[in-house]
$ cat data_18.txt   # compact mmCIF, C-alpha atoms and all ligand atoms
# COMPACT_ATOMS: atom_id res chain seq x y z
CA MET A 12 102.31 88.78 45.34
CA THR A 13 103.48 87.09 48.54
CA VAL A 14 105.16 89.45 50.98
CA GLN A 15 108.50 87.99 52.09
CA THR A 16 109.92 88.82 55.50
CA GLY A 17 113.45 88.52 56.85
CA ARG A 18 116.52 88.15 54.70
CA HIS A 19 116.49 86.68 51.22
CA PHE A 20 118.87 83.69 51.01
CA LEU A 21 120.99 84.27 47.91
CA GLN A 22 122.55 80.81 47.73
CA ILE A 23 123.50 80.78 44.07
CA PRO A 24 127.24 80.42 43.40
CA GLY A 25 127.57 84.06 42.54
CA PRO A 26 126.62 86.80 42.86
CA THR A 27 126.93 86.09 46.58
CA ASN A 28 125.55 87.86 49.65
CA VAL A 29 127.23 91.24 50.03
CA PRO A 30 128.15 91.98 53.67
CA ASP A 31 126.50 95.05 55.23
CA ARG A 32 129.94 96.59 55.85
CA VAL A 33 130.67 96.41 52.14
CA LEU A 34 127.28 97.89 51.20
CA ARG A 35 127.80 100.75 53.66
CA ALA A 36 131.29 101.43 52.33
CA MET A 37 129.89 101.71 48.80
CA ALA A 38 127.28 104.24 49.92
CA ALA A 39 129.99 106.89 50.47
CA PRO A 40 130.04 109.88 48.09
CA THR A 41 131.90 109.39 44.81
CA ILE A 42 135.16 111.33 44.79
CA ASP A 43 137.42 112.87 42.13
CA HIS A 44 139.18 109.93 40.48
CA ARG A 45 142.09 112.23 39.61
CA GLY A 46 142.59 113.57 43.12
CA PRO A 47 145.01 112.63 45.92
CA GLU A 48 142.44 110.76 48.02
CA PHE A 49 141.70 108.46 45.10
CA ALA A 50 145.40 107.82 44.43
CA ALA A 51 145.82 106.67 48.03
CA LEU A 52 142.83 104.31 47.65
CA THR A 53 144.24 102.77 44.45
CA ARG A 54 147.63 102.17 46.03
CA ARG A 55 146.09 100.61 49.12
CA LEU A 56 143.88 98.35 46.97
CA LEU A 57 146.66 97.18 44.68
CA ASP A 58 148.84 96.39 47.71
CA ALA A 59 146.07 94.37 49.36
CA LEU A 60 145.03 92.55 46.16
CA GLY A 61 148.41 90.91 45.51
CA PRO A 62 148.30 88.62 48.56
CA VAL A 63 144.75 87.48 47.72
CA PHE A 64 146.01 86.24 44.33
CA GLY A 65 149.26 85.06 45.89
CA THR A 66 151.32 87.32 43.65
CA SER A 67 153.91 90.04 43.96
CA GLY A 68 153.31 91.07 40.32
CA PRO A 69 150.77 93.49 38.88
CA VAL A 70 147.01 93.05 39.23
CA VAL A 71 144.92 94.87 36.63
CA VAL A 72 141.41 95.95 37.69
CA TYR A 73 138.64 96.44 35.11
CA PRO A 74 135.15 97.94 35.47
CA ALA A 75 133.68 94.83 33.83
CA SER A 76 132.19 91.44 34.63
CA GLY A 77 134.42 88.35 34.70
CA THR A 78 133.84 87.81 30.98
CA GLY A 79 135.73 91.02 30.27
CA ALA A 80 138.74 89.76 32.21
CA TRP A 81 138.67 86.53 30.14
CA GLU A 82 138.93 88.65 27.00
CA ALA A 83 141.70 90.76 28.54
CA ALA A 84 143.75 87.64 29.34
CA LEU A 85 143.49 86.41 25.75
CA VAL A 86 143.95 89.65 23.81
CA ASN A 87 146.92 90.80 25.86
CA THR A 88 148.95 87.62 25.40
CA LEU A 89 148.01 86.08 22.03
CA SER A 90 148.04 86.75 18.29
CA PRO A 91 145.54 85.88 15.53
CA GLY A 92 145.61 82.17 14.70
CA ASP A 93 147.50 81.16 17.85
CA ARG A 94 146.51 77.77 19.17
CA VAL A 95 145.18 77.45 22.73
CA LEU A 96 144.52 74.26 24.68
CA CYS A 97 141.19 74.25 26.56
CA PHE A 98 139.42 71.56 28.60
CA GLU A 99 135.72 70.83 28.49
CA THR A 100 135.10 70.91 32.22
CA GLY A 101 131.64 72.49 31.98
CA HIS A 102 129.60 75.50 30.89
CA PHE A 103 132.14 78.21 31.75
CA ALA A 104 135.03 76.40 30.07
CA SER A 105 132.80 76.06 26.99
CA LEU A 106 132.02 79.79 27.01
CA TRP A 107 135.70 80.68 27.32
CA ARG A 108 136.46 78.41 24.39
CA ALA A 109 133.72 80.09 22.33
CA MET A 110 135.22 83.48 23.14
CA ALA A 111 138.69 82.31 22.07
CA GLN A 112 137.24 81.12 18.77
CA SER A 113 135.39 84.36 18.14
CA LEU A 114 138.64 86.26 18.74
CA GLY A 115 140.27 84.27 15.94
CA LEU A 116 142.22 81.78 18.04
CA ASP A 117 142.57 78.12 17.08
CA VAL A 118 141.18 76.11 19.98
CA GLU A 119 142.21 72.55 20.75
CA PHE A 120 139.41 71.35 23.06
CA VAL A 121 139.97 68.30 25.27
CA PRO A 122 136.53 66.69 25.67
CA GLY A 123 135.15 66.08 29.15
CA ASP A 124 132.09 64.66 30.93
CA TRP A 125 131.34 67.73 33.13
CA ARG A 126 132.03 65.63 36.26
CA HIS A 127 135.84 65.87 36.29
CA GLY A 128 138.39 68.69 36.25
CA ALA A 129 140.97 69.37 33.54
CA SER A 130 143.04 66.21 33.08
CA PRO A 131 146.78 66.63 33.77
CA GLU A 132 147.39 63.38 31.84
CA ALA A 133 145.62 64.74 28.75
CA ALA A 134 147.57 67.99 29.12
CA VAL A 135 150.94 66.19 29.07
CA GLU A 136 149.85 64.10 26.10
CA ARG A 137 148.59 67.06 24.01
CA LEU A 138 151.58 69.25 24.84
CA ARG A 139 154.11 66.48 24.10
CA ALA A 140 152.44 65.90 20.74
CA ASP A 141 152.84 69.61 19.96
CA THR A 142 156.52 69.39 19.06
CA ALA A 143 156.32 72.56 16.94
CA HIS A 144 155.05 74.50 20.00
CA ARG A 145 152.02 75.82 18.16
CA ILE A 146 150.04 75.87 21.42
CA LYS A 147 150.65 79.29 22.96
CA ALA A 148 148.41 79.06 26.01
CA VAL A 149 146.69 76.49 28.21
CA CYS A 150 143.35 77.81 29.53
CA VAL A 151 141.83 76.20 32.61
CA VAL A 152 138.79 77.08 34.71
CA HIS A 153 139.95 76.51 38.28
CA ASN A 154 136.51 76.08 39.82
CA GLU A 155 133.83 75.09 37.28
CA THR A 156 130.83 76.91 38.68
CA SER A 157 128.45 74.89 36.51
CA THR A 158 129.56 71.56 38.03
CA GLY A 159 131.19 72.16 41.42
CA VAL A 160 134.44 70.55 40.24
CA THR A 161 137.80 72.17 41.03
CA SER A 162 140.67 71.47 38.65
CA ARG A 163 144.08 70.68 40.14
CA ILE A 164 146.06 73.67 38.86
CA PRO A 165 149.46 72.63 40.34
CA GLU A 166 149.14 69.34 38.42
CA ILE A 167 148.35 71.19 35.19
CA ARG A 168 151.44 73.34 35.79
CA ALA A 169 153.48 70.16 36.39
CA ALA A 170 152.06 68.72 33.15
CA ILE A 171 153.26 71.74 31.16
CA ASP A 172 156.70 71.42 32.78
CA THR A 173 156.84 67.65 32.24
CA ALA A 174 156.17 68.21 28.55
CA ASP A 175 158.84 70.92 28.64
CA HIS A 176 156.42 73.20 26.80
CA PRO A 177 156.62 77.03 26.72
CA ALA A 178 152.83 77.67 26.65
CA LEU A 179 151.39 80.26 29.02
CA LEU A 180 149.02 79.07 31.74
CA LEU A 181 145.79 81.15 31.94
CA VAL A 182 143.43 80.34 34.81
CA ASP A 183 139.84 81.45 35.49
CA THR A 184 139.32 81.82 39.25
CA VAL A 185 136.06 83.77 39.06
CA SER A 186 134.35 81.45 41.57
CA SER A 187 137.41 80.35 43.55
CA LEU A 188 139.50 83.39 44.42
CA GLY A 189 138.83 84.27 48.04
CA SER A 190 137.22 80.91 48.74
CA ILE A 191 139.38 78.01 47.48
CA GLU A 192 143.16 77.73 47.93
CA TYR A 193 144.90 79.50 45.07
CA ARG A 194 148.49 80.72 44.56
CA HIS A 195 149.28 82.63 41.36
CA ASP A 196 153.07 82.88 41.81
CA ALA A 197 153.75 79.60 43.61
CA TRP A 198 151.70 77.62 41.09
CA GLY A 199 153.39 79.25 38.10
CA VAL A 200 150.24 80.77 36.62
CA ASP A 201 150.72 83.45 33.94
CA VAL A 202 147.33 85.16 33.96
CA THR A 203 144.73 84.73 36.69
CA VAL A 204 141.25 85.93 35.78
CA THR A 205 138.65 86.75 38.41
CA GLY A 206 135.50 88.76 39.12
CA SER A 207 134.12 90.69 42.08
CA GLN A 208 130.79 89.02 42.75
CA LYS A 209 131.71 85.59 44.12
CA GLY A 210 134.41 84.94 46.74
CA LEU A 211 135.27 88.63 46.90
CA MET A 212 131.76 89.37 48.31
CA LEU A 213 131.11 92.42 46.10
CA PRO A 214 128.33 93.20 43.66
CA PRO A 215 129.06 92.33 40.02
CA GLY A 216 131.01 94.91 38.04
CA LEU A 217 134.73 94.53 38.71
CA SER A 218 137.11 91.99 37.24
CA PHE A 219 140.82 91.34 37.45
CA ASN A 220 143.92 89.97 35.74
CA ALA A 221 146.96 89.01 37.83
CA VAL A 222 149.88 88.96 35.42
CA SER A 223 153.24 87.14 35.51
CA GLU A 224 156.54 88.42 34.08
CA LYS A 225 156.22 85.89 31.29
CA ALA A 226 152.72 87.14 30.44
CA LEU A 227 153.98 90.74 30.40
CA ALA A 228 156.71 89.69 27.98
CA ALA A 229 154.11 87.95 25.78
CA ALA A 230 152.02 91.13 25.86
CA ARG A 231 154.87 93.04 24.18
CA THR A 232 154.59 90.92 21.03
CA SER A 233 150.91 89.89 21.08
CA ARG A 234 148.96 91.07 18.02
CA LEU A 235 145.28 90.51 18.84
CA PRO A 236 143.52 93.90 18.63
CA LYS A 237 143.08 95.56 22.02
CA SER A 238 142.50 99.02 23.35
CA PHE A 239 140.27 99.17 26.42
CA TRP A 240 141.69 95.84 27.66
CA ASP A 241 145.34 96.75 27.05
CA TRP A 242 147.29 96.14 30.27
CA THR A 243 150.07 98.63 29.54
CA PRO A 244 148.26 102.00 29.94
CA ILE A 245 146.48 100.69 33.03
CA ILE A 246 149.63 99.45 34.74
CA ASP A 247 151.35 102.73 33.83
CA ALA A 248 148.54 104.91 35.23
CA ASN A 249 148.28 102.71 38.34
CA GLU A 250 151.89 103.67 39.22
CA ALA A 251 150.61 107.09 40.22
CA GLY A 252 147.37 105.69 41.70
CA PHE A 253 145.12 106.40 38.71
CA PHE A 254 143.34 104.75 35.77
CA PRO A 255 143.31 105.76 32.10
CA TYR A 256 139.49 106.11 32.28
CA THR A 257 136.85 106.68 34.97
CA PRO A 258 137.11 103.72 37.34
CA ALA A 259 134.13 102.20 39.22
CA THR A 260 134.87 104.34 42.26
CA ASN A 261 132.15 103.06 44.58
CA LEU A 262 132.84 99.41 43.77
CA LEU A 263 136.46 100.15 44.68
CA TYR A 264 135.28 101.41 48.11
CA GLY A 265 133.53 98.07 48.51
CA LEU A 266 136.65 96.20 47.40
CA ASP A 267 138.69 98.06 50.02
CA GLU A 268 136.29 96.86 52.72
CA ALA A 269 136.04 93.28 51.40
CA LEU A 270 139.84 92.97 51.23
CA ASP A 271 140.00 94.12 54.87
CA MET A 272 137.55 91.36 55.79
CA LEU A 273 139.56 88.68 53.96
CA THR A 274 142.82 89.94 55.44
CA ASP A 275 141.37 90.05 58.98
CA GLU A 276 140.10 86.49 58.73
CA GLY A 277 143.29 85.28 57.03
CA LEU A 278 143.27 83.53 53.66
CA GLU A 279 144.15 80.10 55.06
CA GLN A 280 141.17 80.36 57.41
CA VAL A 281 138.93 81.56 54.57
CA TRP A 282 139.90 78.47 52.53
CA ALA A 283 139.41 76.13 55.53
CA ARG A 284 135.99 77.62 56.26
CA HIS A 285 134.82 77.03 52.69
CA ALA A 286 136.20 73.47 52.61
CA ARG A 287 134.42 72.65 55.86
CA HIS A 288 131.07 74.02 54.69
CA ALA A 289 131.45 72.13 51.42
CA ALA A 290 132.12 68.88 53.32
CA ALA A 291 129.05 69.46 55.53
CA THR A 292 126.97 70.07 52.39
CA ARG A 293 128.18 66.80 50.83
CA SER A 294 127.22 64.91 53.99
CA ALA A 295 123.71 66.35 53.63
CA VAL A 296 123.53 65.26 49.99
CA ARG A 297 124.64 61.73 50.92
CA GLY A 298 122.11 61.69 53.79
CA TRP A 299 119.38 62.50 51.27
CA GLY A 300 120.49 59.56 49.16
CA LEU A 301 121.37 61.86 46.25
CA ASP A 302 124.59 62.22 44.25
CA VAL A 303 127.04 65.08 44.13
CA LEU A 304 127.87 65.80 40.47
CA CYS A 305 131.64 65.92 41.06
CA ALA A 306 132.96 62.41 40.47
CA ASP A 307 136.51 62.73 41.84
CA GLU A 308 137.18 62.93 45.59
CA ARG A 309 140.21 65.19 44.93
CA GLU A 310 138.15 67.75 43.00
CA HIS A 311 135.19 68.69 45.21
CA SER A 312 134.56 72.42 45.09
CA GLY A 313 134.77 74.46 48.27
CA SER A 314 132.48 77.16 46.94
CA LEU A 315 129.47 75.29 45.61
CA THR A 316 127.90 71.83 45.42
CA ALA A 317 125.96 70.64 42.37
CA VAL A 318 123.31 68.10 43.37
CA LEU A 319 122.27 65.54 40.77
CA LEU A 320 118.60 64.52 40.89
CA PRO A 321 117.37 61.02 40.03
CA GLU A 322 116.18 60.44 36.46
CA GLY A 323 112.67 61.87 35.99
CA GLN A 324 112.97 64.55 38.69
CA ASP A 325 113.11 68.20 37.67
CA ALA A 326 115.77 70.21 39.49
CA ASP A 327 114.12 73.49 38.47
CA ALA A 328 110.88 72.42 40.14
CA VAL A 329 112.83 72.07 43.39
CA ARG A 330 114.38 75.51 42.90
CA LYS A 331 110.96 77.01 42.21
CA VAL A 332 109.37 75.68 45.38
CA VAL A 333 112.40 76.73 47.47
CA LEU A 334 112.15 80.26 46.10
CA GLU A 335 108.40 80.54 46.56
CA ARG A 336 108.17 78.97 50.00
CA PHE A 337 111.45 79.95 51.62
CA ASP A 338 112.67 82.97 49.67
CA MET A 339 115.93 81.25 48.80
CA SER A 340 117.62 81.29 45.38
CA LEU A 341 119.56 78.19 44.35
CA GLY A 342 121.69 77.92 41.21
CA THR A 343 120.08 76.46 38.11
CA GLY A 344 121.56 73.71 35.93
CA LEU A 345 123.55 75.32 33.10
CA GLY A 346 123.93 74.08 29.53
CA ARG A 347 123.63 70.32 29.26
CA LEU A 348 122.87 70.09 33.00
CA ALA A 349 119.63 72.12 32.73
CA GLY A 350 116.90 70.49 34.83
CA LYS A 351 119.24 67.73 36.01
CA VAL A 352 121.10 69.52 38.80
CA PHE A 353 120.65 72.41 41.15
CA ARG A 354 123.60 74.15 42.72
CA ILE A 355 124.02 75.21 46.33
CA GLY A 356 126.35 78.20 46.69
CA HIS A 357 128.22 78.18 50.01
CA LEU A 358 130.80 80.85 49.36
CA GLY A 359 131.57 84.36 50.40
CA HIS A 360 129.87 85.97 53.39
CA PHE A 361 128.73 82.76 55.01
CA ASN A 362 128.75 80.90 58.34
CA ASP A 363 127.53 77.71 60.03
CA LEU A 364 124.00 78.91 60.59
CA THR A 365 123.70 80.31 57.06
CA LEU A 366 124.59 76.82 55.87
CA ALA A 367 122.17 75.20 58.33
CA GLY A 368 119.36 77.47 57.10
CA THR A 369 120.30 76.84 53.48
CA LEU A 370 120.31 73.06 53.86
CA ALA A 371 117.04 73.13 55.86
CA GLY A 372 115.44 75.02 52.96
CA VAL A 373 116.85 72.57 50.42
CA GLN A 374 115.63 69.54 52.40
CA MET A 375 112.11 70.94 52.77
CA GLY A 376 112.09 72.00 49.11
CA LEU A 377 113.09 68.52 47.94
CA GLU A 378 110.28 66.95 49.94
CA LEU A 379 107.73 69.52 48.80
CA ALA A 380 108.76 68.91 45.18
CA GLY A 381 108.15 65.19 45.66
CA VAL A 382 111.76 63.99 45.86
CA PRO A 383 111.67 61.48 48.72
CA VAL A 384 114.75 62.34 50.79
CA GLY A 385 113.85 61.98 54.47
CA HIS A 386 115.45 64.00 57.23
CA GLN A 387 118.88 62.44 57.58
CA GLY A 388 120.69 64.87 55.27
CA LEU A 389 120.22 67.96 57.39
CA ALA A 390 120.94 65.98 60.58
CA ASP A 391 124.22 64.69 59.12
CA ALA A 392 125.26 68.18 58.05
CA LEU A 393 124.52 69.58 61.51
CA ASP A 394 126.56 66.75 63.06
CA HIS A 395 129.40 67.65 60.75
CA LEU A 396 129.24 71.30 61.76
CA ARG A 397 129.01 70.45 65.47
CA THR A 398 131.92 68.02 65.49
CA THR A 399 134.49 69.55 63.12
C1 LIG B 401 130.65 83.64 37.01
C2 LIG B 401 131.74 83.03 36.21
C3 LIG B 401 132.19 83.59 35.00
C4 LIG B 401 131.50 84.72 34.33
O1 LIG B 401 131.65 85.91 34.99
P1 LIG B 401 130.68 87.12 34.62
O2 LIG B 401 130.99 88.07 35.74
O3 LIG B 401 129.29 86.60 34.62
O4 LIG B 401 131.10 87.65 33.31
C5 LIG B 401 133.26 83.00 34.38
N1 LIG B 401 133.87 81.92 34.88
C6 LIG B 401 133.45 81.34 36.01
C7 LIG B 401 134.16 80.14 36.52
C8 LIG B 401 132.37 81.88 36.71
O5 LIG B 401 131.96 81.30 37.84
$ encode --input "data_18.txt" --output "structure tokens" --more "lines below"
Ligand SMILES: *Cc1c(COP(=O)(O)O)cnc(C)c1O
Amino acid sequence: MTVQTGRHFLQIPGPTNVPDRVLRAMAAPTIDHRGPEFAALTRRLLDALGPVFGTSGPVVVYPASGTGAWEAALVNTLSPGDRVLCFETGHFASLWRAMAQSLGLDVEFVPGDWRHGASPEAAVERLRADTAHRIKAVCVVHNETSTGVTSRIPEIRAAIDTADHPALLLVDTVSSLGSIEYRHDAWGVDVTVTGSQKGLMLPPGLSFNAVSEKALAAARTSRLPKSFWDWTPIIDANEAGFFPYTPATNLLYGLDEALDMLTDEGLEQVWARHARHAAATRSAVRGWGLDVLCADEREHSGSLTAVLLPEGQDADAVRKVVLERFDMSLGTGLGRLAGKVFRIGHLGHFNDLTLAGTLAGVQMGLELAGVPVGHQGLADALDHLRTT
């Protein structure tokens, strides 16, 4: 086995690199989750979480991966046989749809080409056609991590309003919260779903639901079976600073630290930093003569870039050589994109030189794998970083 030296570059779009401060915070001794010190931690965390979601309402924290928070959003608001409107934006949207089906929901799936976000025009059309208001929720993945395409949530909200439709709006922000602009209250979202291991810079293992008044009202009549995911006992216990079960105490220490980091930098700055690194990455891709998968200028992701390889080239061969030679992990192509794209994660704990190192590794990897790209890509990205 080759001995690797220096830092591993974890440039997949989640899990992301966990800052040393966060790792150190998590190494503290586990405390009594029913004691006063823990109650103070919970209160501090819940206060600091609201602004990151852009909400003044409750945020429910689960010891689960993002998938658990998807399920929580559905089972707390819906009843068996309810219709939900989903958009085929990519792999994660397809998985969420499959979950909805397995929970006994009736999914109306708007087909997509995996290069565009959820279509506001299609949303208006489908909701207007639903004169009986059988659609109870619209489910959208904000940032499709499989494609690097960010759906325009305010336009989906406007579509629901234009159609004058009462459906709830449920949004997956697993790979956008804490990296791409997002505003739960201002954008009229009913349930925001996220996870710990992407923009929030934590290890996997926590996930979240931010919940609107309207979603809380829906929860009072929803009939899908739920117990562990039920918001009510959690929100009630949180009042006093506790959870109805043993929480993931040490991950919560890490969350405390990560929220401090986001608050110190300022969310607007966090969003601007990600957008700038994403733009520099796209200039590299153009300089290599390759295509970015996202096909709409308004929908480029701030947290990752999916790079489309020419016909006949194997994206996983590029990833393999980059891992072996430079100890850097890049994201694989998921679902129907397997072998066709690789994904560069540029989110979380990240700066100009991390991006420069990442793109240098990608450029060398492309050449070593026999994709003729030349040197202009990295040069263009460095110019972008120097001049913006
Ligand atoms: C990572 C991701 C998920 C899945 O989260 P897990 O923590 O793996 O369960 C869901 N949606 C999106 C958009 C993601 O990026």
$ residues_near_ligand --input "data_18.txt" --ligand "ligand LIG 401 (chain B)" --cutoff "6 Å" --atoms "all atoms listed in the file" --output "ChimeraX atom specification"
/A:76-78,103,152,154-156,183,185-186,206
$ atom_distance --input "data_18.txt" --atom1 "CA of Ser314 (chain A)" --atom2 "CA of Ala36 (chain A)"
24.9 Å
$ residues_around --input "data_18.txt" --residues "region 291-297 of chain A" --least-positions-apart "4" --cutoff "9 Å" --atoms "all atoms listed in the file" --output "PyMOL selection string"
chain A and resi 286-287+301-303+315-316+318+355+357+366+370+374+387-396
$ atom_distance --input "data_18.txt" --atom1 "CA of Ser90 (chain A)" --atom2 "CA of Pro69 (chain A)"
21.8 Å
$ closest_residue --input "data_18.txt" --among "A:Ser238, A:Thr257, A:Thr100, A:Asn362" --to "Arg284 (chain A)" --atoms "all atoms listed in the file"
A:Asn362
$ closest_residue --input "data_18.txt" --among "A:Leu188, A:Val204, A:Met339, A:Ala229" --to "Thr365 (chain A)" --atoms "all atoms listed in the file"
A:Met339
$ residues_near_point --input "data_18.txt" --point "(146.4, 73.2, 19.5)" --cutoff "10 Å" --atoms "only C-alpha atoms" --output "ChimeraX atom specification"
/A:93-97,116-121,137-138,140-141,144-149
$ closest_residue --input "data_18.txt" --among "A:Ser223, A:Thr27, A:Thr142, A:Ser157" --to "Phe64 (chain A)" --atoms "all atoms listed in the file"
A:Ser223
$ atom_distance --input "data_18.txt" --atom1 "CA of Asn28 (chain A)" --atom2 "CA of Leu266 (chain A)"
14.1 Å
$ closest_residue --input "data_18.txt" --among "A:Trp299, A:Trp282, A:Trp198, A:Tyr73" --to "Glu166 (chain A)" --atoms "only C-alpha atoms"
A:Trp198
$ closest_residue --input "data_18.txt" --among "A:Leu304, A:Val63, A:Val384, A:Leu278" --to "Ala221 (chain A)" --atoms "all atoms listed in the file"
A:Val63
$ closest_residue --input "data_18.txt" --among "A:His288, A:Arg194, A:Arg108, A:Arg18" --to "Ser67 (chain A)" --atoms "all atoms listed in the file"
A:Arg194
$ axis_aligned_box --input "data_18.txt" --around "region 326-336 of chain A" --padding-each-side "8 Å" --output "JSON"
{"center_x": 112.0, "center_y": 75.4, "center_z": 44.2, "size_x": 23.6, "size_y": 26.3, "size_z": 27.5}
$ residues_near_point --input "data_18.txt" --point "(134.8, 90.4, 29.4)" --cutoff "12 Å" --atoms "all atoms listed in the file" --output "ChimeraX atom specification"
/A:72-86,106-107,110-111,183,185,204-206,216-220,239-240
